[in-house]
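Undergrad: To be precise about what I am sending: the file is called run_25.txt and holds compact mmCIF, N, CA and C atoms.
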```txt
# COMPACT_ATOMS: atom_id res chain seq x y z
N MET A 1046 -3.01 -60.16 -87.73
CA MET A 1046 -3.72 -59.21 -86.89
C MET A 1046 -3.12 -59.25 -85.49
N LYS A 1047 -3.07 -58.11 -84.86
CA LYS A 1047 -2.54 -58.02 -83.51
C LYS A 1047 -3.67 -57.73 -82.54
N ALA A 1048 -3.39 -57.92 -81.27
CA ALA A 1048 -4.39 -57.70 -80.22
C ALA A 1048 -3.79 -56.82 -79.13
N ILE A 1049 -4.66 -56.14 -78.42
CA ILE A 1049 -4.26 -55.33 -77.27
C ILE A 1049 -4.93 -55.93 -76.04
N VAL A 1050 -4.15 -56.10 -74.99
CA VAL A 1050 -4.71 -56.60 -73.74
C VAL A 1050 -4.76 -55.42 -72.76
N ILE A 1051 -5.93 -55.17 -72.23
CA ILE A 1051 -6.12 -54.07 -71.28
C ILE A 1051 -6.64 -54.66 -69.98
N LYS A 1052 -5.96 -54.36 -68.89
CA LYS A 1052 -6.39 -54.86 -67.59
C LYS A 1052 -7.10 -53.71 -66.87
N THR A 1053 -8.38 -53.86 -66.66
CA THR A 1053 -9.15 -52.82 -65.98
C THR A 1053 -9.02 -52.96 -64.47
N ARG A 1054 -9.21 -51.85 -63.79
CA ARG A 1054 -9.05 -51.85 -62.33
C ARG A 1054 -10.35 -52.20 -61.60
N ASN A 1055 -11.48 -51.99 -62.26
CA ASN A 1055 -12.76 -52.28 -61.60
C ASN A 1055 -13.85 -52.52 -62.64
N LYS A 1056 -15.05 -52.84 -62.16
CA LYS A 1056 -16.17 -53.17 -63.06
C LYS A 1056 -16.61 -51.97 -63.89
N ASN A 1057 -16.52 -50.77 -63.31
CA ASN A 1057 -16.93 -49.57 -64.05
C ASN A 1057 -16.03 -49.34 -65.26
N GLU A 1058 -14.72 -49.46 -65.07
CA GLU A 1058 -13.79 -49.32 -66.19
C GLU A 1058 -14.05 -50.40 -67.24
N HIS A 1059 -14.28 -51.61 -66.77
CA HIS A 1059 -14.54 -52.71 -67.69
C HIS A 1059 -15.78 -52.43 -68.53
N LYS A 1060 -16.84 -52.01 -67.89
CA LYS A 1060 -18.09 -51.72 -68.61
C LYS A 1060 -17.89 -50.57 -69.58
N PHE A 1061 -17.22 -49.50 -69.15
CA PHE A 1061 -16.99 -48.35 -70.02
C PHE A 1061 -16.22 -48.75 -71.28
N LEU A 1062 -15.12 -49.48 -71.08
CA LEU A 1062 -14.31 -49.88 -72.23
C LEU A 1062 -15.04 -50.87 -73.13
N SER A 1063 -15.76 -51.79 -72.54
CA SER A 1063 -16.54 -52.75 -73.34
C SER A 1063 -17.59 -52.04 -74.19
N ASP A 1064 -18.29 -51.09 -73.57
CA ASP A 1064 -19.31 -50.34 -74.30
C ASP A 1064 -18.68 -49.50 -75.41
N LEU A 1065 -17.55 -48.87 -75.12
CA LEU A 1065 -16.86 -48.05 -76.11
C LEU A 1065 -16.42 -48.88 -77.31
N LEU A 1066 -15.80 -50.03 -77.03
CA LEU A 1066 -15.36 -50.90 -78.12
C LEU A 1066 -16.53 -51.39 -78.95
N LYS A 1067 -17.63 -51.68 -78.30
CA LYS A 1067 -18.83 -52.13 -79.00
C LYS A 1067 -19.35 -51.03 -79.92
N LYS A 1068 -19.39 -49.80 -79.42
CA LYS A 1068 -19.85 -48.66 -80.23
C LYS A 1068 -18.93 -48.41 -81.42
N LEU A 1069 -17.63 -48.66 -81.24
CA LEU A 1069 -16.67 -48.46 -82.32
C LEU A 1069 -16.64 -49.64 -83.30
N GLY A 1070 -17.37 -50.69 -82.98
CA GLY A 1070 -17.43 -51.86 -83.85
C GLY A 1070 -16.18 -52.73 -83.76
N ILE A 1071 -15.50 -52.65 -82.63
CA ILE A 1071 -14.29 -53.44 -82.41
C ILE A 1071 -14.63 -54.65 -81.55
N SER A 1072 -14.27 -55.83 -82.04
CA SER A 1072 -14.56 -57.03 -81.26
C SER A 1072 -13.65 -57.10 -80.04
N SER A 1073 -14.17 -57.65 -78.97
CA SER A 1073 -13.39 -57.78 -77.74
C SER A 1073 -13.80 -59.05 -77.02
N GLY A 1074 -12.98 -59.45 -76.07
CA GLY A 1074 -13.26 -60.64 -75.29
C GLY A 1074 -12.65 -60.49 -73.92
N ILE A 1075 -12.96 -61.43 -73.07
CA ILE A 1075 -12.47 -61.41 -71.69
C ILE A 1075 -11.59 -62.63 -71.47
N ILE A 1076 -10.44 -62.41 -70.82
CA ILE A 1076 -9.59 -63.53 -70.44
C ILE A 1076 -9.32 -63.44 -68.94
N SER A 1077 -9.11 -64.58 -68.34
CA SER A 1077 -8.89 -64.64 -66.89
C SER A 1077 -7.45 -64.29 -66.53
N GLU A 1078 -7.20 -64.10 -65.24
CA GLU A 1078 -5.84 -63.86 -64.76
C GLU A 1078 -4.92 -65.02 -65.17
N GLU A 1079 -5.43 -66.23 -65.03
CA GLU A 1079 -4.64 -67.41 -65.38
C GLU A 1079 -4.29 -67.42 -66.87
N GLU A 1080 -5.23 -67.03 -67.71
CA GLU A 1080 -4.97 -66.98 -69.15
C GLU A 1080 -3.94 -65.89 -69.47
N MET A 1081 -3.97 -64.77 -68.74
CA MET A 1081 -2.96 -63.72 -68.94
C MET A 1081 -1.58 -64.24 -68.57
N GLU A 1082 -1.49 -64.99 -67.48
CA GLU A 1082 -0.22 -65.58 -67.07
C GLU A 1082 0.27 -66.57 -68.12
N ASP A 1083 -0.65 -67.37 -68.67
CA ASP A 1083 -0.28 -68.32 -69.72
C ASP A 1083 0.26 -67.60 -70.95
N LEU A 1084 -0.36 -66.48 -71.32
CA LEU A 1084 0.12 -65.70 -72.46
C LEU A 1084 1.52 -65.17 -72.21
N ALA A 1085 1.75 -64.65 -71.01
CA ALA A 1085 3.07 -64.12 -70.67
C ALA A 1085 4.12 -65.23 -70.70
N PHE A 1086 3.75 -66.39 -70.15
CA PHE A 1086 4.67 -67.52 -70.12
C PHE A 1086 4.99 -68.00 -71.53
N SER A 1087 3.99 -68.08 -72.38
CA SER A 1087 4.24 -68.53 -73.76
C SER A 1087 5.10 -67.52 -74.51
N ARG A 1088 4.93 -66.25 -74.22
CA ARG A 1088 5.77 -65.22 -74.86
C ARG A 1088 7.22 -65.36 -74.40
N MET A 1089 7.41 -65.63 -73.10
CA MET A 1089 8.77 -65.84 -72.59
C MET A 1089 9.41 -67.06 -73.25
N MET A 1090 8.64 -68.11 -73.41
CA MET A 1090 9.15 -69.32 -74.06
C MET A 1090 9.54 -69.04 -75.51
N LYS A 1091 8.74 -68.25 -76.18
CA LYS A 1091 9.01 -67.91 -77.59
C LYS A 1091 10.30 -67.10 -77.71
N ASP A 1092 10.56 -66.22 -76.76
CA ASP A 1092 11.73 -65.35 -76.80
C ASP A 1092 12.99 -65.99 -76.24
N THR A 1093 12.89 -67.23 -75.76
CA THR A 1093 14.02 -67.91 -75.13
C THR A 1093 15.06 -68.33 -76.16
N ASP A 1094 16.32 -68.25 -75.76
CA ASP A 1094 17.42 -68.71 -76.60
C ASP A 1094 17.41 -70.24 -76.60
N ARG A 1095 17.16 -70.83 -77.73
CA ARG A 1095 17.05 -72.30 -77.81
C ARG A 1095 18.31 -72.95 -78.36
N THR A 1096 19.38 -72.19 -78.50
CA THR A 1096 20.59 -72.75 -79.07
C THR A 1096 21.41 -73.52 -78.03
N LYS A 1097 21.21 -73.24 -76.75
CA LYS A 1097 21.97 -73.91 -75.70
C LYS A 1097 21.17 -75.06 -75.10
N ARG A 1098 21.87 -76.10 -74.69
CA ARG A 1098 21.21 -77.23 -74.03
C ARG A 1098 21.57 -77.21 -72.56
N VAL A 1099 20.60 -77.60 -71.74
CA VAL A 1099 20.78 -77.58 -70.29
C VAL A 1099 20.36 -78.94 -69.74
N SER A 1100 21.06 -79.39 -68.72
CA SER A 1100 20.75 -80.69 -68.13
C SER A 1100 19.45 -80.62 -67.32
N LYS A 1101 18.81 -81.76 -67.17
CA LYS A 1101 17.59 -81.85 -66.38
C LYS A 1101 17.87 -81.45 -64.93
N GLU A 1102 19.03 -81.84 -64.40
CA GLU A 1102 19.38 -81.50 -63.03
C GLU A 1102 19.47 -80.00 -62.83
N SER A 1103 20.04 -79.31 -63.80
CA SER A 1103 20.17 -77.86 -63.73
C SER A 1103 18.79 -77.19 -63.70
N VAL A 1104 17.88 -77.69 -64.53
CA VAL A 1104 16.53 -77.14 -64.57
C VAL A 1104 15.82 -77.39 -63.25
N MET A 1105 15.91 -78.60 -62.73
CA MET A 1105 15.24 -78.93 -61.49
C MET A 1105 15.79 -78.10 -60.33
N LYS A 1106 17.09 -77.85 -60.32
CA LYS A 1106 17.71 -77.03 -59.29
C LYS A 1106 17.14 -75.61 -59.33
N LYS A 1107 16.97 -75.05 -60.52
CA LYS A 1107 16.42 -73.70 -60.66
C LYS A 1107 14.95 -73.67 -60.23
N LEU A 1108 14.21 -74.70 -60.55
CA LEU A 1108 12.79 -74.75 -60.19
C LEU A 1108 12.61 -74.83 -58.67
N LYS A 1109 13.50 -75.53 -58.00
CA LYS A 1109 13.40 -75.68 -56.55
C LYS A 1109 13.80 -74.41 -55.81
N ALA A 1110 14.59 -73.56 -56.46
CA ALA A 1110 15.06 -72.31 -55.81
C ALA A 1110 13.97 -71.29 -55.66
```
Write out the structure in this file as structure tokens.
TA:
Amino acid sequence: MKAIVIKTRNKNEHKFLSDLLKKLGISSGIISEEEMEDLAFSRMMKDTDRTKRVSKESVMKKLKA
């Protein structure tokens, strides 16, 4: 099963979409900004090329930049 993430701009949009989904019998949930960032980060990790190896120093240099 797949999911759709919709970011509403305000409380009115959120309420409208929540009510609509409820009327359509579609389950929904709320995730925080931090959880959205975690999802994006995990997707980036999943799509990363894992065939190459990189030194710890190289990683630390990139993180500090």
Undergrad: Neighbours of A:Ile1051 within 12 Å (only C-alpha atoms; same-chain residues fewer than 5 positions away dropped), as a PyMOL selection string?
TA: chain A and resi 1058-1059+1062-1063+1066+1073-1078+1081
Undergrad: Mind the document's chain letters and residue numbers, and return as a PDB file with N, CA and C atoms, in the frame of the given file the residues of chain A that DSSP labels alpha helix (DSSP H).
TA:
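Result saved to selection-v8.pdb:
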```pdb
ATOM      1  N   LYS A1056     -15.050 -52.840 -62.160  1.00  0.00           N
ATOM      2  CA  LYS A1056     -16.170 -53.170 -63.060  1.00  0.00           C
ATOM      3  C   LYS A1056     -16.610 -51.970 -63.890  1.00  0.00           C
ATOM      4  N   ASN A1057     -16.520 -50.770 -63.310  1.00  0.00           N
ATOM      5  CA  ASN A1057     -16.930 -49.570 -64.050  1.00  0.00           C
ATOM      6  C   ASN A1057     -16.030 -49.340 -65.260  1.00  0.00           C
ATOM      7  N   GLU A1058     -14.720 -49.460 -65.070  1.00  0.00           N
ATOM      8  CA  GLU A1058     -13.790 -49.320 -66.190  1.00  0.00           C
ATOM      9  C   GLU A1058     -14.050 -50.400 -67.240  1.00  0.00           C
ATOM     10  N   HIS A1059     -14.280 -51.610 -66.770  1.00  0.00           N
ATOM     11  CA  HIS A1059     -14.540 -52.710 -67.690  1.00  0.00           C
ATOM     12  C   HIS A1059     -15.780 -52.430 -68.530  1.00  0.00           C
ATOM     13  N   LYS A1060     -16.840 -52.010 -67.890  1.00  0.00           N
ATOM     14  CA  LYS A1060     -18.090 -51.720 -68.610  1.00  0.00           C
ATOM     15  C   LYS A1060     -17.890 -50.570 -69.580  1.00  0.00           C
ATOM     16  N   PHE A1061     -17.220 -49.500 -69.150  1.00  0.00           N
ATOM     17  CA  PHE A1061     -16.990 -48.350 -70.020  1.00  0.00           C
ATOM     18  C   PHE A1061     -16.220 -48.750 -71.280  1.00  0.00           C
ATOM     19  N   LEU A1062     -15.120 -49.480 -71.080  1.00  0.00           N
ATOM     20  CA  LEU A1062     -14.310 -49.880 -72.230  1.00  0.00           C
ATOM     21  C   LEU A1062     -15.040 -50.870 -73.130  1.00  0.00           C
ATOM     22  N   SER A1063     -15.760 -51.790 -72.540  1.00  0.00           N
ATOM     23  CA  SER A1063     -16.540 -52.750 -73.340  1.00  0.00           C
ATOM     24  C   SER A1063     -17.590 -52.040 -74.190  1.00  0.00           C
ATOM     25  N   ASP A1064     -18.290 -51.090 -73.570  1.00  0.00           N
ATOM     26  CA  ASP A1064     -19.310 -50.340 -74.300  1.00  0.00           C
ATOM     27  C   ASP A1064     -18.680 -49.500 -75.410  1.00  0.00           C
ATOM     28  N   LEU A1065     -17.550 -48.870 -75.120  1.00  0.00           N
ATOM     29  CA  LEU A1065     -16.860 -48.050 -76.110  1.00  0.00           C
ATOM     30  C   LEU A1065     -16.420 -48.880 -77.310  1.00  0.00           C
ATOM     31  N   LEU A1066     -15.800 -50.030 -77.030  1.00  0.00           N
ATOM     32  CA  LEU A1066     -15.360 -50.900 -78.120  1.00  0.00           C
ATOM     33  C   LEU A1066     -16.530 -51.390 -78.950  1.00  0.00           C
ATOM     34  N   LYS A1067     -17.630 -51.680 -78.300  1.00  0.00           N
ATOM     35  CA  LYS A1067     -18.830 -52.130 -79.000  1.00  0.00           C
ATOM     36  C   LYS A1067     -19.350 -51.030 -79.920  1.00  0.00           C
ATOM     37  N   LYS A1068     -19.390 -49.800 -79.420  1.00  0.00           N
ATOM     38  CA  LYS A1068     -19.850 -48.660 -80.230  1.00  0.00           C
ATOM     39  C   LYS A1068     -18.930 -48.410 -81.420  1.00  0.00           C
ATOM     40  N   GLU A1078      -7.200 -64.100 -65.240  1.00  0.00           N
ATOM     41  CA  GLU A1078      -5.840 -63.860 -64.760  1.00  0.00           C
ATOM     42  C   GLU A1078      -4.920 -65.020 -65.170  1.00  0.00           C
ATOM     43  N   GLU A1079      -5.430 -66.230 -65.030  1.00  0.00           N
ATOM     44  CA  GLU A1079      -4.640 -67.410 -65.380  1.00  0.00           C
ATOM     45  C   GLU A1079      -4.290 -67.420 -66.870  1.00  0.00           C
ATOM     46  N   GLU A1080      -5.230 -67.030 -67.710  1.00  0.00           N
ATOM     47  CA  GLU A1080      -4.970 -66.980 -69.150  1.00  0.00           C
ATOM     48  C   GLU A1080      -3.940 -65.890 -69.470  1.00  0.00           C
ATOM     49  N   MET A1081      -3.970 -64.770 -68.740  1.00  0.00           N
ATOM     50  CA  MET A1081      -2.960 -63.720 -68.940  1.00  0.00           C
ATOM     51  C   MET A1081      -1.580 -64.240 -68.570  1.00  0.00           C
ATOM     52  N   GLU A1082      -1.490 -64.990 -67.480  1.00  0.00           N
ATOM     53  CA  GLU A1082      -0.220 -65.580 -67.070  1.00  0.00           C
ATOM     54  C   GLU A1082       0.270 -66.570 -68.120  1.00  0.00           C
ATOM     55  N   ASP A1083      -0.650 -67.370 -68.670  1.00  0.00           N
ATOM     56  CA  ASP A1083      -0.280 -68.320 -69.720  1.00  0.00           C
ATOM     57  C   ASP A1083       0.260 -67.600 -70.950  1.00  0.00           C
ATOM     58  N   LEU A1084      -0.360 -66.480 -71.320  1.00  0.00           N
ATOM     59  CA  LEU A1084       0.120 -65.700 -72.460  1.00  0.00           C
ATOM     60  C   LEU A1084       1.520 -65.170 -72.210  1.00  0.00           C
ATOM     61  N   ALA A1085       1.750 -64.650 -71.010  1.00  0.00           N
ATOM     62  CA  ALA A1085       3.070 -64.120 -70.670  1.00  0.00           C
ATOM     63  C   ALA A1085       4.120 -65.230 -70.700  1.00  0.00           C
ATOM     64  N   PHE A1086       3.750 -66.390 -70.150  1.00  0.00           N
ATOM     65  CA  PHE A1086       4.670 -67.520 -70.120  1.00  0.00           C
ATOM     66  C   PHE A1086       4.990 -68.000 -71.530  1.00  0.00           C
ATOM     67  N   SER A1087       3.990 -68.080 -72.380  1.00  0.00           N
ATOM     68  CA  SER A1087       4.240 -68.530 -73.760  1.00  0.00           C
ATOM     69  C   SER A1087       5.100 -67.520 -74.510  1.00  0.00           C
ATOM     70  N   ARG A1088       4.930 -66.250 -74.220  1.00  0.00           N
ATOM     71  CA  ARG A1088       5.770 -65.220 -74.860  1.00  0.00           C
ATOM     72  C   ARG A1088       7.220 -65.360 -74.400  1.00  0.00           C
ATOM     73  N   MET A1089       7.410 -65.630 -73.100  1.00  0.00           N
ATOM     74  CA  MET A1089       8.770 -65.840 -72.590  1.00  0.00           C
ATOM     75  C   MET A1089       9.410 -67.060 -73.250  1.00  0.00           C
ATOM     76  N   MET A1090       8.640 -68.110 -73.410  1.00  0.00           N
ATOM     77  CA  MET A1090       9.150 -69.320 -74.060  1.00  0.00           C
ATOM     78  C   MET A1090       9.540 -69.040 -75.510  1.00  0.00           C
ATOM     79  N   LYS A1091       8.740 -68.250 -76.180  1.00  0.00           N
ATOM     80  CA  LYS A1091       9.010 -67.910 -77.590  1.00  0.00           C
ATOM     81  C   LYS A1091      10.300 -67.100 -77.710  1.00  0.00           C
ATOM     82  N   LYS A1101      18.810 -81.760 -67.170  1.00  0.00           N
ATOM     83  CA  LYS A1101      17.590 -81.850 -66.380  1.00  0.00           C
ATOM     84  C   LYS A1101      17.870 -81.450 -64.930  1.00  0.00           C
ATOM     85  N   GLU A1102      19.030 -81.840 -64.400  1.00  0.00           N
ATOM     86  CA  GLU A1102      19.380 -81.500 -63.030  1.00  0.00           C
ATOM     87  C   GLU A1102      19.470 -80.000 -62.830  1.00  0.00           C
ATOM     88  N   SER A1103      20.040 -79.310 -63.800  1.00  0.00           N
ATOM     89  CA  SER A1103      20.170 -77.860 -63.730  1.00  0.00           C
ATOM     90  C   SER A1103      18.790 -77.190 -63.700  1.00  0.00           C
ATOM     91  N   VAL A1104      17.880 -77.690 -64.530  1.00  0.00           N
ATOM     92  CA  VAL A1104      16.530 -77.140 -64.570  1.00  0.00           C
ATOM     93  C   VAL A1104      15.820 -77.390 -63.250  1.00  0.00           C
ATOM     94  N   MET A1105      15.910 -78.600 -62.730  1.00  0.00           N
ATOM     95  CA  MET A1105      15.240 -78.930 -61.490  1.00  0.00           C
ATOM     96  C   MET A1105      15.790 -78.100 -60.330  1.00  0.00           C
ATOM     97  N   LYS A1106      17.090 -77.850 -60.320  1.00  0.00           N
ATOM     98  CA  LYS A1106      17.710 -77.030 -59.290  1.00  0.00           C
ATOM     99  C   LYS A1106      17.140 -75.610 -59.330  1.00  0.00           C
ATOM    100  N   LYS A1107      16.970 -75.050 -60.520  1.00  0.00           N
ATOM    101  CA  LYS A1107      16.420 -73.700 -60.660  1.00  0.00           C
ATOM    102  C   LYS A1107      14.950 -73.670 -60.230  1.00  0.00           C
ATOM    103  N   LEU A1108      14.210 -74.700 -60.550  1.00  0.00           N
ATOM    104  CA  LEU A1108      12.790 -74.750 -60.190  1.00  0.00           C
ATOM    105  C   LEU A1108      12.610 -74.830 -58.670  1.00  0.00           C
ATOM    106  N   LYS A1109      13.500 -75.530 -58.000  1.00  0.00           N
ATOM    107  CA  LYS A1109      13.400 -75.680 -56.550  1.00  0.00           C
ATOM    108  C   LYS A1109      13.800 -74.410 -55.810  1.00  0.00           C
TER     109      LYS A1109
END
```
Undergrad: So what do you get for atom CA of A:Ser1087 versus atom CA of A:Met1046, distance-wise?
TA: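 Atom-to-atom, atom CA of A:Ser1087 to atom CA of A:Met1046, that is 18.0 Å.
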Undergrad: Find the distance between atom CA of A:Asp1083 and atom CA of A:Thr1053 and write it in Å to one decimal.
TA: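 These two atoms are separated by 18.2 Å.
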Undergrad: Have a look at atom CA of A:Val1050 and atom C of A:Glu1080 and let me know their distance in Å, one decimal.
TA: 10.3 Å
